[in-house]
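Below is protein18.pdb, holding PDB, C-alpha atoms.
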```
MODEL        1
ATOM      1  CA  MET A   1      25.089   1.915  50.364
ATOM      2  CA  SER A   2      21.814   0.141  49.527
ATOM      3  CA  PHE A   3      21.574  -3.201  47.765
ATOM      4  CA  ARG A   4      17.869  -2.851  46.922
ATOM      5  CA  ARG A   5      16.945  -3.437  43.286
ATOM      6  CA  GLU A   6      14.819  -0.996  41.389
ATOM      7  CA  GLU A   7      11.662  -2.572  39.992
ATOM      8  CA  ARG A   8      10.330   0.433  38.174
ATOM      9  CA  GLY A   9       9.554  -0.429  34.550
ATOM     10  CA  GLN A  10       9.410  -4.185  35.126
ATOM     11  CA  ALA A  11       5.734  -4.440  34.158
ATOM     12  CA  LEU A  12       6.385  -2.437  30.998
ATOM     13  CA  VAL A  13       9.188  -4.768  29.910
ATOM     14  CA  GLU A  14       7.072  -7.849  30.609
ATOM     15  CA  PHE A  15       4.177  -6.360  28.661
ATOM     16  CA  ALA A  16       6.508  -5.575  25.727
ATOM     17  CA  LEU A  17       7.664  -9.206  25.702
ATOM     18  CA  VAL A  18       4.146 -10.674  25.844
ATOM     19  CA  LEU A  19       2.403  -8.220  23.475
ATOM     20  CA  PRO A  20       3.667  -9.743  20.190
ATOM     21  CA  LEU A  21       2.520 -13.209  21.261
ATOM     22  CA  LEU A  22      -0.847 -11.840  22.331
ATOM     23  CA  LEU A  23      -1.337 -10.022  19.011
ATOM     24  CA  LEU A  24      -0.329 -13.127  17.069
ATOM     25  CA  LEU A  25      -2.881 -15.168  19.000
ATOM     26  CA  ILE A  26      -5.626 -12.596  18.408
ATOM     27  CA  LEU A  27      -4.865 -12.413  14.666
ATOM     28  CA  GLY A  28      -4.869 -16.204  14.486
ATOM     29  CA  VAL A  29      -8.291 -16.411  16.114
ATOM     30  CA  ILE A  30      -9.678 -13.718  13.806
ATOM     31  CA  GLU A  31      -8.279 -15.388  10.684
ATOM     32  CA  PHE A  32      -9.507 -18.829  11.772
ATOM     33  CA  SER A  33     -12.983 -17.338  12.282
ATOM     34  CA  PHE A  34     -13.027 -15.976   8.731
ATOM     35  CA  VAL A  35     -11.842 -19.295   7.268
ATOM     36  CA  TRP A  36     -14.436 -21.231   9.259
ATOM     37  CA  ASN A  37     -17.185 -18.832   8.197
ATOM     38  CA  SER A  38     -16.173 -19.168   4.537
ATOM     39  CA  ARG A  39     -16.111 -22.950   4.859
ATOM     40  CA  ASN A  40     -19.600 -22.997   6.374
ATOM     41  CA  THR A  41     -20.893 -20.706   3.637
ATOM     42  CA  VAL A  42     -19.427 -22.900   0.887
ATOM     43  CA  GLN A  43     -20.752 -26.022   2.600
ATOM     44  CA  PHE A  44     -24.250 -24.503   2.695
ATOM     45  CA  ALA A  45     -23.980 -23.581  -0.996
ATOM     46  CA  SER A  46     -22.919 -27.156  -1.791
ATOM     47  CA  ARG A  47     -25.899 -28.592   0.101
ATOM     48  CA  ASP A  48     -28.303 -26.155  -1.507
ATOM     49  CA  GLY A  49     -26.899 -26.847  -4.986
ATOM     50  CA  SER A  50     -27.061 -30.597  -4.450
ATOM     51  CA  MET A  51     -30.698 -30.445  -3.372
ATOM     52  CA  LEU A  52     -31.567 -28.288  -6.375
ATOM     53  CA  ALA A  53     -29.752 -30.718  -8.712
ATOM     54  CA  ALA A  54     -31.684 -33.595  -7.142
ATOM     55  CA  GLU A  55     -35.004 -31.810  -7.642
ATOM     56  CA  GLY A  56     -34.177 -30.886 -11.229
ATOM     57  CA  GLY A  57     -32.990 -34.373 -12.146
ATOM     58  CA  SER A  58     -32.801 -34.763 -15.911
ATOM     59  CA  LEU A  59     -34.508 -31.467 -16.784
ATOM     60  CA  PRO A  60     -32.515 -29.270 -19.190
ATOM     61  CA  GLY A  61     -30.939 -26.240 -17.532
ATOM     62  CA  THR A  62     -30.622 -27.856 -14.106
ATOM     63  CA  ASP A  63     -26.877 -27.200 -13.979
ATOM     64  CA  CYS A  64     -27.405 -23.496 -14.694
ATOM     65  CA  LEU A  65     -29.929 -23.285 -11.860
ATOM     66  CA  VAL A  66     -27.463 -25.014  -9.535
ATOM     67  CA  LEU A  67     -24.636 -22.631 -10.489
ATOM     68  CA  ASN A  68     -26.923 -19.623 -10.126
ATOM     69  CA  ARG A  69     -27.987 -20.778  -6.651
ATOM     70  CA  ILE A  70     -24.384 -21.328  -5.591
ATOM     71  CA  GLU A  71     -23.557 -17.777  -6.686
ATOM     72  CA  ALA A  72     -26.443 -16.442  -4.599
ATOM     73  CA  ASP A  73     -25.563 -18.546  -1.532
ATOM     74  CA  VAL A  74     -21.905 -17.554  -1.213
ATOM     75  CA  VAL A  75     -22.158 -14.278   0.696
ATOM     76  CA  SER A  76     -19.906 -12.063   2.803
ATOM     77  CA  PRO A  77     -17.287 -12.481   4.152
ATOM     78  CA  ALA A  78     -16.870 -15.303   1.609
ATOM     79  CA  ARG A  79     -16.952 -14.129  -1.992
ATOM     80  CA  ALA A  80     -18.388 -15.998  -4.963
ATOM     81  CA  ILE A  81     -15.525 -14.688  -7.111
ATOM     82  CA  ARG A  82     -13.161 -16.955  -5.151
ATOM     83  CA  ILE A  83     -14.965 -20.116  -6.233
ATOM     84  CA  GLN A  84     -12.482 -21.871  -8.489
ATOM     85  CA  GLU A  85     -14.517 -24.841  -9.643
ATOM     86  CA  VAL A  86     -17.919 -26.486  -9.307
ATOM     87  CA  MET A  87     -18.263 -30.173 -10.085
ATOM     88  CA  ILE A  88     -21.664 -31.821 -10.534
ATOM     89  CA  TYR A  89     -21.235 -35.586 -10.612
ATOM     90  CA  TRP A  90     -22.912 -38.976 -10.388
ATOM     91  CA  ALA A  91     -22.312 -40.184  -6.845
ATOM     92  CA  ASP A  92     -22.566 -43.508  -5.089
ATOM     93  CA  LYS A  93     -24.603 -43.833  -1.886
ATOM     94  CA  ASN A  94     -21.632 -42.588   0.152
ATOM     95  CA  GLY A  95     -21.150 -39.460  -1.965
ATOM     96  CA  GLY A  96     -18.085 -40.706  -3.867
ATOM     97  CA  GLN A  97     -17.801 -40.037  -7.585
ATOM     98  CA  ILE A  98     -18.718 -42.891  -9.945
ATOM     99  CA  ALA A  99     -16.188 -43.303 -12.778
ATOM    100  CA  SER A 100     -15.799 -40.155 -14.893
ATOM    101  CA  PHE A 101     -19.448 -39.111 -14.812
ATOM    102  CA  LYS A 102     -18.977 -35.444 -13.945
ATOM    103  CA  ASN A 103     -19.545 -31.939 -15.246
ATOM    104  CA  VAL A 104     -16.781 -29.561 -14.209
ATOM    105  CA  TYR A 105     -17.410 -25.829 -14.380
ATOM    106  CA  THR A 106     -14.567 -23.354 -13.901
ATOM    107  CA  ARG A 107     -14.976 -19.686 -13.119
ATOM    108  CA  THR A 108     -13.959 -18.368 -16.532
ATOM    109  CA  GLY A 109     -16.210 -16.915 -19.190
ATOM    110  CA  THR A 110     -19.984 -17.293 -19.004
ATOM    111  CA  THR A 111     -22.649 -19.871 -19.769
ATOM    112  CA  THR A 112     -26.204 -18.973 -20.730
ATOM    113  CA  CYS A 113     -29.081 -21.424 -20.445
ATOM    114  CA  ASP A 114     -32.660 -21.066 -21.606
ATOM    115  CA  LEU A 115     -35.209 -22.156 -19.026
ATOM    116  CA  GLY A 116     -38.553 -22.053 -20.789
ATOM    117  CA  GLY A 117     -37.949 -18.644 -22.354
ATOM    118  CA  THR A 118     -36.048 -17.213 -19.385
ATOM    119  CA  PRO A 119     -32.305 -16.972 -20.020
ATOM    120  CA  ILE A 120     -29.925 -17.420 -17.080
ATOM    121  CA  THR A 121     -26.276 -16.402 -17.419
ATOM    122  CA  VAL A 122     -23.727 -17.707 -14.921
ATOM    123  CA  PRO A 123     -20.002 -16.851 -14.731
ATOM    124  CA  TYR A 124     -18.837 -20.417 -15.354
ATOM    125  CA  THR A 125     -17.601 -22.396 -18.346
ATOM    126  CA  LEU A 126     -18.158 -26.110 -18.762
ATOM    127  CA  THR A 127     -14.670 -27.651 -19.065
ATOM    128  CA  THR A 128     -15.534 -31.348 -18.624
ATOM    129  CA  ALA A 129     -18.883 -32.679 -19.840
ATOM    130  CA  GLY A 130     -19.227 -36.252 -18.614
ATOM    131  CA  TYR A 131     -22.619 -36.175 -16.870
ATOM    132  CA  PRO A 132     -25.170 -34.246 -18.939
ATOM    133  CA  GLU A 133     -28.574 -33.515 -17.449
ATOM    134  CA  SER A 134     -30.245 -35.839 -19.975
ATOM    135  CA  ALA A 135     -28.154 -38.786 -18.669
ATOM    136  CA  ARG A 136     -29.354 -38.436 -15.074
ATOM    137  CA  CYS A 137     -31.764 -41.153 -14.055
ATOM    138  CA  ASP A 138     -34.873 -40.088 -12.163
ATOM    139  CA  VAL A 139     -36.854 -43.321 -12.630
ATOM    140  CA  LEU A 140     -37.247 -45.689  -9.682
ATOM    141  CA  LEU A 141     -36.686 -48.826 -11.779
ATOM    142  CA  GLY A 142     -33.578 -47.393 -13.412
ATOM    143  CA  CYS A 143     -32.857 -46.086 -16.878
ATOM    144  CA  GLY A 144     -30.852 -48.988 -18.283
ATOM    145  CA  GLY A 145     -27.131 -49.500 -18.507
ATOM    146  CA  PRO A 146     -25.317 -48.639 -15.280
ATOM    147  CA  HIS A 147     -28.382 -46.765 -13.950
ATOM    148  CA  THR A 148     -30.093 -49.527 -11.932
ATOM    149  CA  GLY A 149     -32.144 -47.060  -9.910
ATOM    150  CA  VAL A 150     -32.492 -43.394  -9.160
ATOM    151  CA  ASP A 151     -29.162 -41.528  -9.387
ATOM    152  CA  THR A 152     -27.481 -39.738  -6.524
ATOM    153  CA  VAL A 153     -26.060 -36.413  -7.643
ATOM    154  CA  GLY A 154     -23.131 -34.731  -5.924
ATOM    155  CA  VAL A 155     -21.966 -31.123  -5.954
ATOM    156  CA  GLN A 156     -18.404 -30.207  -5.037
ATOM    157  CA  ILE A 157     -17.289 -26.587  -4.707
ATOM    158  CA  THR A 158     -13.589 -25.721  -4.645
ATOM    159  CA  TYR A 159     -12.925 -22.383  -2.949
ATOM    160  CA  GLN A 160      -9.759 -20.295  -2.520
ATOM    161  CA  HIS A 161      -9.838 -18.370   0.755
ATOM    162  CA  GLN A 162      -7.428 -15.436   0.875
ATOM    163  CA  TRP A 163      -6.115 -14.215   4.200
ATOM    164  CA  LEU A 164      -7.811 -11.048   5.373
ATOM    165  CA  THR A 165      -5.305  -9.753   7.909
ATOM    166  CA  SER A 166      -2.120  -8.386   6.416
ATOM    167  CA  PHE A 167       0.173 -10.040   8.958
ATOM    168  CA  VAL A 168      -1.035 -13.557   8.082
ATOM    169  CA  ARG A 169      -0.533 -12.842   4.369
ATOM    170  CA  LEU A 170       3.197 -13.143   5.020
ATOM    171  CA  THR A 171       2.676 -16.917   5.399
ATOM    172  CA  GLY A 172       1.156 -17.323   1.922
ATOM    173  CA  SER A 173      -1.796 -16.380  -0.211
ATOM    174  CA  GLY A 174      -4.436 -18.410   1.593
ATOM    175  CA  VAL A 175      -5.988 -21.841   1.793
ATOM    176  CA  THR A 176      -7.953 -23.858  -0.773
ATOM    177  CA  PHE A 177     -10.689 -26.233   0.330
ATOM    178  CA  ALA A 178     -13.503 -28.214  -1.265
ATOM    179  CA  GLU A 179     -16.940 -28.949   0.173
ATOM    180  CA  THR A 180     -19.044 -31.799  -1.197
ATOM    181  CA  THR A 181     -22.666 -32.852  -0.759
ATOM    182  CA  ALA A 182     -24.584 -35.689  -2.441
ATOM    183  CA  THR A 183     -28.366 -36.023  -2.638
ATOM    184  CA  ARG A 184     -30.590 -38.688  -4.176
ATOM    185  CA  VAL A 185     -32.450 -37.482  -7.277
ATOM    186  CA  GLU A 186     -36.182 -37.048  -6.789
ATOM    187  CA  PRO A 187     -37.951 -39.833  -8.693
ATOM    188  CA  GLN A 188     -40.511 -38.884 -11.335
ATOM    189  CA  LEU A 189     -43.799 -40.767 -11.333
TER     190      LEU A 189
ENDMDL
END
```

Would you give me this structure, written as structure tokens?
Amino acid sequence: MSFRREERGQALVEFALVLPLLLLLILGVIEFSFVWNSRNTVQFASRDGSMLAAEGGSLPGTDCLVLNRIEADVVSPARAIRIQEVMIYWADKNGGQIASFKNVYTRTGTTTCDLGGTPITVPYTLTTAGYPESARCDVLLGCGGPHTGVDTVGVQITYQHQWLTSFVRLTGSGVTFAETTATRVEPQL
């Protein structure tokens, strides 16, 4: 009679126990990579839109140009269709919103602007109009009232990222984040 234990199949059992954890880790890394890529893409679009808003200043149609640029900047794997809201606002020097001076655009309907005979249509509707282009100060000495100098304009993009791997979708529909950038308006001489 032998009291030796059989060890055949031990590696297979250990592998079967570790495999689900390994797959979960791999899916987590993949999903995190997609979220981080989407965040970076939206952050770039926010920076680009803010710089364009600063260059346009008080010119009519600036908001349409900003929205059009944001649409062009949000590329794969992020999708522009998942942008929920774009807010263009009067910012303080730290990028915080000043009072209720903001234009909020939601991704419903369309808006068409005329830029010197060239129409631009963007898939956004203005839902809150508190900071029209004509009210933006691009004069070094200020424009009177609360505008004591050149404005700083901010752009905030709210984005809904949906999970891409089917296993992670069991935890919910995704994650919503907002990226904000503020840039000083270019003064006009």

Inset, instruction - Evaluate the PyMOL selection byres ((chain A and resi 133-145) around 9) and record the selected residues as a PyMOL selection string, following the chain and residue labels used in the document. - result: chain A and resi 54+56-63+90+131-132+146-153+185-189

How about saving the chosen residues, C-alpha atoms kept, as a compact mmCIF listing (two decimals), in the frame of the given file?
```
# COMPACT_ATOMS: atom_id res chain seq x y z
CA ALA A 54 -31.68 -33.60 -7.14
CA GLY A 56 -34.18 -30.89 -11.23
CA GLY A 57 -32.99 -34.37 -12.15
CA SER A 58 -32.80 -34.76 -15.91
CA LEU A 59 -34.51 -31.47 -16.78
CA PRO A 60 -32.52 -29.27 -19.19
CA GLY A 61 -30.94 -26.24 -17.53
CA THR A 62 -30.62 -27.86 -14.11
CA ASP A 63 -26.88 -27.20 -13.98
CA TRP A 90 -22.91 -38.98 -10.39
CA TYR A 131 -22.62 -36.17 -16.87
CA PRO A 132 -25.17 -34.25 -18.94
CA PRO A 146 -25.32 -48.64 -15.28
CA HIS A 147 -28.38 -46.76 -13.95
CA THR A 148 -30.09 -49.53 -11.93
CA GLY A 149 -32.14 -47.06 -9.91
CA VAL A 150 -32.49 -43.39 -9.16
CA ASP A 151 -29.16 -41.53 -9.39
CA THR A 152 -27.48 -39.74 -6.52
CA VAL A 153 -26.06 -36.41 -7.64
CA VAL A 185 -32.45 -37.48 -7.28
CA GLU A 186 -36.18 -37.05 -6.79
CA PRO A 187 -37.95 -39.83 -8.69
CA GLN A 188 -40.51 -38.88 -11.34
CA LEU A 189 -43.80 -40.77 -11.33
```

Inset, instruction - Evaluate the PyMOL selection byres ((chain A and resi 69-75) around 9) on the structure here and hand back the selected residues as a VMD selection string. - result: chain A and resid 38 41 to 42 44 to 46 48 to 49 52 64 to 68 76 to 81 83 122 to 123 157

Inset, instruction - Work out how far CA of Val155 (chain A) is from CA of Asn103 (chain A), in Å to one decimal. - result: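 A separation of 9.6 Å between them.
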
Inset, instruction - Given the file shown, determine the residues that the PyMOL selection byres ((chain A and resi 87) around 7) selects; report them as JSON, numbers by chain. - result: {"A": [85, 86, 88, 89, 102, 103, 104, 105, 155, 156, 157]}

Legend entry - Point-to-point distance from CA of Thr108 (chain A) to CA of Gln160 (chain A), Å rounded to tenths: 14.8 Å

Legend entry - Shortest interatomic distance to Thr112 (chain A) - which of A:Gln162, A:Asn40, A:Thr125, A:Ser100, counting only C-alpha atoms: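 Result for the nearest residue to Thr112 (chain A): A:Thr125.
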
Legend entry - Length of the CA of Gly172 (chain A) to CA of Arg107 (chain A) vector [Å]: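 These atoms are spaced 22.2 Å apart.
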
Legend entry - Residue contacts of region 14-27 of chain A (12 Å, all atoms listed in the file) excluding same-chain residues fewer than 3 positions away, as a list in words: Glu7, Arg8, Gly9, Gln10, Ala11, Ile30, Glu31, Phe32, Ser33, Phe34, Trp163, Leu164, Thr165, Ser166, Phe167, Val168 and Arg169 of chain A

Go ahead and fit an axis-aligned box to every listed atom of region 4-15 of chain A plus 6 Å each side, and pass me the centre and edge lengths in Å, one decimal, as lines of an AutoDock Vina configuration file.
```
center_x = 11.0
center_y = -3.7
center_z = 37.8
size_x = 25.7
size_y = 20.3
size_z = 30.3
```

I need region 45-138 of chain A written out with C-alpha atoms, as a PDB file, in the first residue's frame; please produce it.
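Output (result-v6.pdb):
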```pdb
ATOM      1  CA  ALA A  45     -11.313  69.288 -27.694  1.00  0.00           C
ATOM      2  CA  SER A  46     -11.978  71.535 -24.685  1.00  0.00           C
ATOM      3  CA  ARG A  47      -8.564  73.196 -25.018  1.00  0.00           C
ATOM      4  CA  ASP A  48      -8.960  73.636 -28.754  1.00  0.00           C
ATOM      5  CA  GLY A  49     -12.476  75.060 -28.356  1.00  0.00           C
ATOM      6  CA  SER A  50     -11.351  77.433 -25.623  1.00  0.00           C
ATOM      7  CA  MET A  51      -8.499  78.773 -27.741  1.00  0.00           C
ATOM      8  CA  LEU A  52     -10.835  79.258 -30.697  1.00  0.00           C
ATOM      9  CA  ALA A  53     -13.362  81.077 -28.468  1.00  0.00           C
ATOM     10  CA  ALA A  54     -10.556  83.308 -27.192  1.00  0.00           C
ATOM     11  CA  GLU A  55      -9.436  84.143 -30.729  1.00  0.00           C
ATOM     12  CA  GLY A  56     -12.983  84.834 -31.887  1.00  0.00           C
ATOM     13  CA  GLY A  57     -13.831  87.013 -28.896  1.00  0.00           C
ATOM     14  CA  SER A  58     -16.967  89.032 -29.572  1.00  0.00           C
ATOM     15  CA  LEU A  59     -17.276  88.147 -33.268  1.00  0.00           C
ATOM     16  CA  PRO A  60     -20.692  86.757 -34.257  1.00  0.00           C
ATOM     17  CA  GLY A  61     -20.675  83.024 -34.948  1.00  0.00           C
ATOM     18  CA  THR A  62     -17.775  82.262 -32.611  1.00  0.00           C
ATOM     19  CA  ASP A  63     -19.823  79.721 -30.657  1.00  0.00           C
ATOM     20  CA  CYS A  64     -20.712  77.841 -33.849  1.00  0.00           C
ATOM     21  CA  LEU A  65     -17.036  77.670 -34.799  1.00  0.00           C
ATOM     22  CA  VAL A  66     -16.199  76.361 -31.327  1.00  0.00           C
ATOM     23  CA  LEU A  67     -18.908  73.677 -31.502  1.00  0.00           C
ATOM     24  CA  ASN A  68     -17.838  72.694 -35.009  1.00  0.00           C
ATOM     25  CA  ARG A  69     -14.216  72.344 -33.869  1.00  0.00           C
ATOM     26  CA  ILE A  70     -15.228  70.240 -30.876  1.00  0.00           C
ATOM     27  CA  GLU A  71     -17.145  67.916 -33.203  1.00  0.00           C
ATOM     28  CA  ALA A  72     -14.065  67.546 -35.402  1.00  0.00           C
ATOM     29  CA  ASP A  73     -11.690  66.987 -32.459  1.00  0.00           C
ATOM     30  CA  VAL A  74     -13.587  64.170 -30.747  1.00  0.00           C
ATOM     31  CA  VAL A  75     -12.401  61.138 -32.707  1.00  0.00           C
ATOM     32  CA  SER A  76     -12.253  57.371 -32.256  1.00  0.00           C
ATOM     33  CA  PRO A  77     -12.511  55.569 -29.902  1.00  0.00           C
ATOM     34  CA  ALA A  78     -14.380  58.516 -28.343  1.00  0.00           C
ATOM     35  CA  ARG A  79     -17.481  59.536 -30.264  1.00  0.00           C
ATOM     36  CA  ALA A  80     -18.840  63.052 -30.690  1.00  0.00           C
ATOM     37  CA  ILE A  81     -22.379  61.666 -30.416  1.00  0.00           C
ATOM     38  CA  ARG A  82     -21.701  60.958 -26.726  1.00  0.00           C
ATOM     39  CA  ILE A  83     -21.100  64.620 -25.923  1.00  0.00           C
ATOM     40  CA  GLN A  84     -24.033  65.578 -23.729  1.00  0.00           C
ATOM     41  CA  GLU A  85     -23.396  69.271 -23.230  1.00  0.00           C
ATOM     42  CA  VAL A  86     -20.997  72.070 -24.125  1.00  0.00           C
ATOM     43  CA  MET A  87     -20.861  75.148 -21.928  1.00  0.00           C
ATOM     44  CA  ILE A  88     -19.107  78.336 -23.044  1.00  0.00           C
ATOM     45  CA  TYR A  89     -18.807  80.702 -20.098  1.00  0.00           C
ATOM     46  CA  TRP A  90     -17.166  83.807 -18.677  1.00  0.00           C
ATOM     47  CA  ALA A  91     -14.390  82.556 -16.418  1.00  0.00           C
ATOM     48  CA  ASP A  92     -12.279  84.089 -13.699  1.00  0.00           C
ATOM     49  CA  LYS A  93      -8.480  83.836 -13.851  1.00  0.00           C
ATOM     50  CA  ASN A  94      -8.628  80.373 -12.266  1.00  0.00           C
ATOM     51  CA  GLY A  95     -11.130  79.027 -14.803  1.00  0.00           C
ATOM     52  CA  GLY A  96     -14.171  79.149 -12.500  1.00  0.00           C
ATOM     53  CA  GLN A  97     -17.488  80.372 -13.860  1.00  0.00           C
ATOM     54  CA  ILE A  98     -18.472  83.974 -13.076  1.00  0.00           C
ATOM     55  CA  ALA A  99     -22.120  84.278 -11.977  1.00  0.00           C
ATOM     56  CA  SER A 100     -24.571  82.969 -14.586  1.00  0.00           C
ATOM     57  CA  PHE A 101     -22.675  84.199 -17.635  1.00  0.00           C
ATOM     58  CA  LYS A 102     -22.804  81.023 -19.712  1.00  0.00           C
ATOM     59  CA  ASN A 103     -24.120  79.588 -22.955  1.00  0.00           C
ATOM     60  CA  VAL A 104     -25.159  75.960 -22.598  1.00  0.00           C
ATOM     61  CA  TYR A 105     -25.549  73.848 -25.719  1.00  0.00           C
ATOM     62  CA  THR A 106     -27.105  70.386 -25.541  1.00  0.00           C
ATOM     63  CA  ARG A 107     -26.822  67.728 -28.205  1.00  0.00           C
ATOM     64  CA  THR A 108     -30.393  67.962 -29.473  1.00  0.00           C
ATOM     65  CA  GLY A 109     -31.578  69.506 -32.707  1.00  0.00           C
ATOM     66  CA  THR A 110     -29.301  71.719 -34.789  1.00  0.00           C
ATOM     67  CA  THR A 111     -28.062  75.297 -34.861  1.00  0.00           C
ATOM     68  CA  THR A 112     -27.050  77.089 -38.044  1.00  0.00           C
ATOM     69  CA  CYS A 113     -24.852  80.176 -38.042  1.00  0.00           C
ATOM     70  CA  ASP A 114     -23.905  82.448 -40.912  1.00  0.00           C
ATOM     71  CA  LEU A 115     -20.217  83.301 -41.019  1.00  0.00           C
ATOM     72  CA  GLY A 116     -19.854  85.915 -43.727  1.00  0.00           C
ATOM     73  CA  GLY A 117     -22.012  84.040 -46.229  1.00  0.00           C
ATOM     74  CA  THR A 118     -20.840  80.572 -45.194  1.00  0.00           C
ATOM     75  CA  PRO A 119     -23.448  78.689 -43.162  1.00  0.00           C
ATOM     76  CA  ILE A 120     -22.262  76.253 -40.485  1.00  0.00           C
ATOM     77  CA  THR A 121     -24.699  73.747 -38.985  1.00  0.00           C
ATOM     78  CA  VAL A 122     -23.831  72.020 -35.713  1.00  0.00           C
ATOM     79  CA  PRO A 123     -25.849  69.323 -33.897  1.00  0.00           C
ATOM     80  CA  TYR A 124     -26.431  71.422 -30.780  1.00  0.00           C
ATOM     81  CA  THR A 125     -29.251  73.572 -29.430  1.00  0.00           C
ATOM     82  CA  LEU A 126     -28.697  76.605 -27.246  1.00  0.00           C
ATOM     83  CA  THR A 127     -30.609  75.909 -24.006  1.00  0.00           C
ATOM     84  CA  THR A 128     -29.185  78.675 -21.785  1.00  0.00           C
ATOM     85  CA  ALA A 129     -28.141  81.997 -23.315  1.00  0.00           C
ATOM     86  CA  GLY A 130     -26.376  84.009 -20.626  1.00  0.00           C
ATOM     87  CA  TYR A 131     -23.100  84.938 -22.345  1.00  0.00           C
ATOM     88  CA  PRO A 132     -23.712  86.031 -25.943  1.00  0.00           C
ATOM     89  CA  GLU A 133     -20.742  86.647 -28.210  1.00  0.00           C
ATOM     90  CA  SER A 134     -21.534  90.379 -28.333  1.00  0.00           C
ATOM     91  CA  ALA A 135     -21.135  90.605 -24.518  1.00  0.00           C
ATOM     92  CA  ARG A 136     -17.579  89.246 -24.507  1.00  0.00           C
ATOM     93  CA  CYS A 137     -14.991  91.899 -23.808  1.00  0.00           C
ATOM     94  CA  ASP A 138     -11.906  91.929 -26.012  1.00  0.00           C
TER      95      ASP A 138
END
```
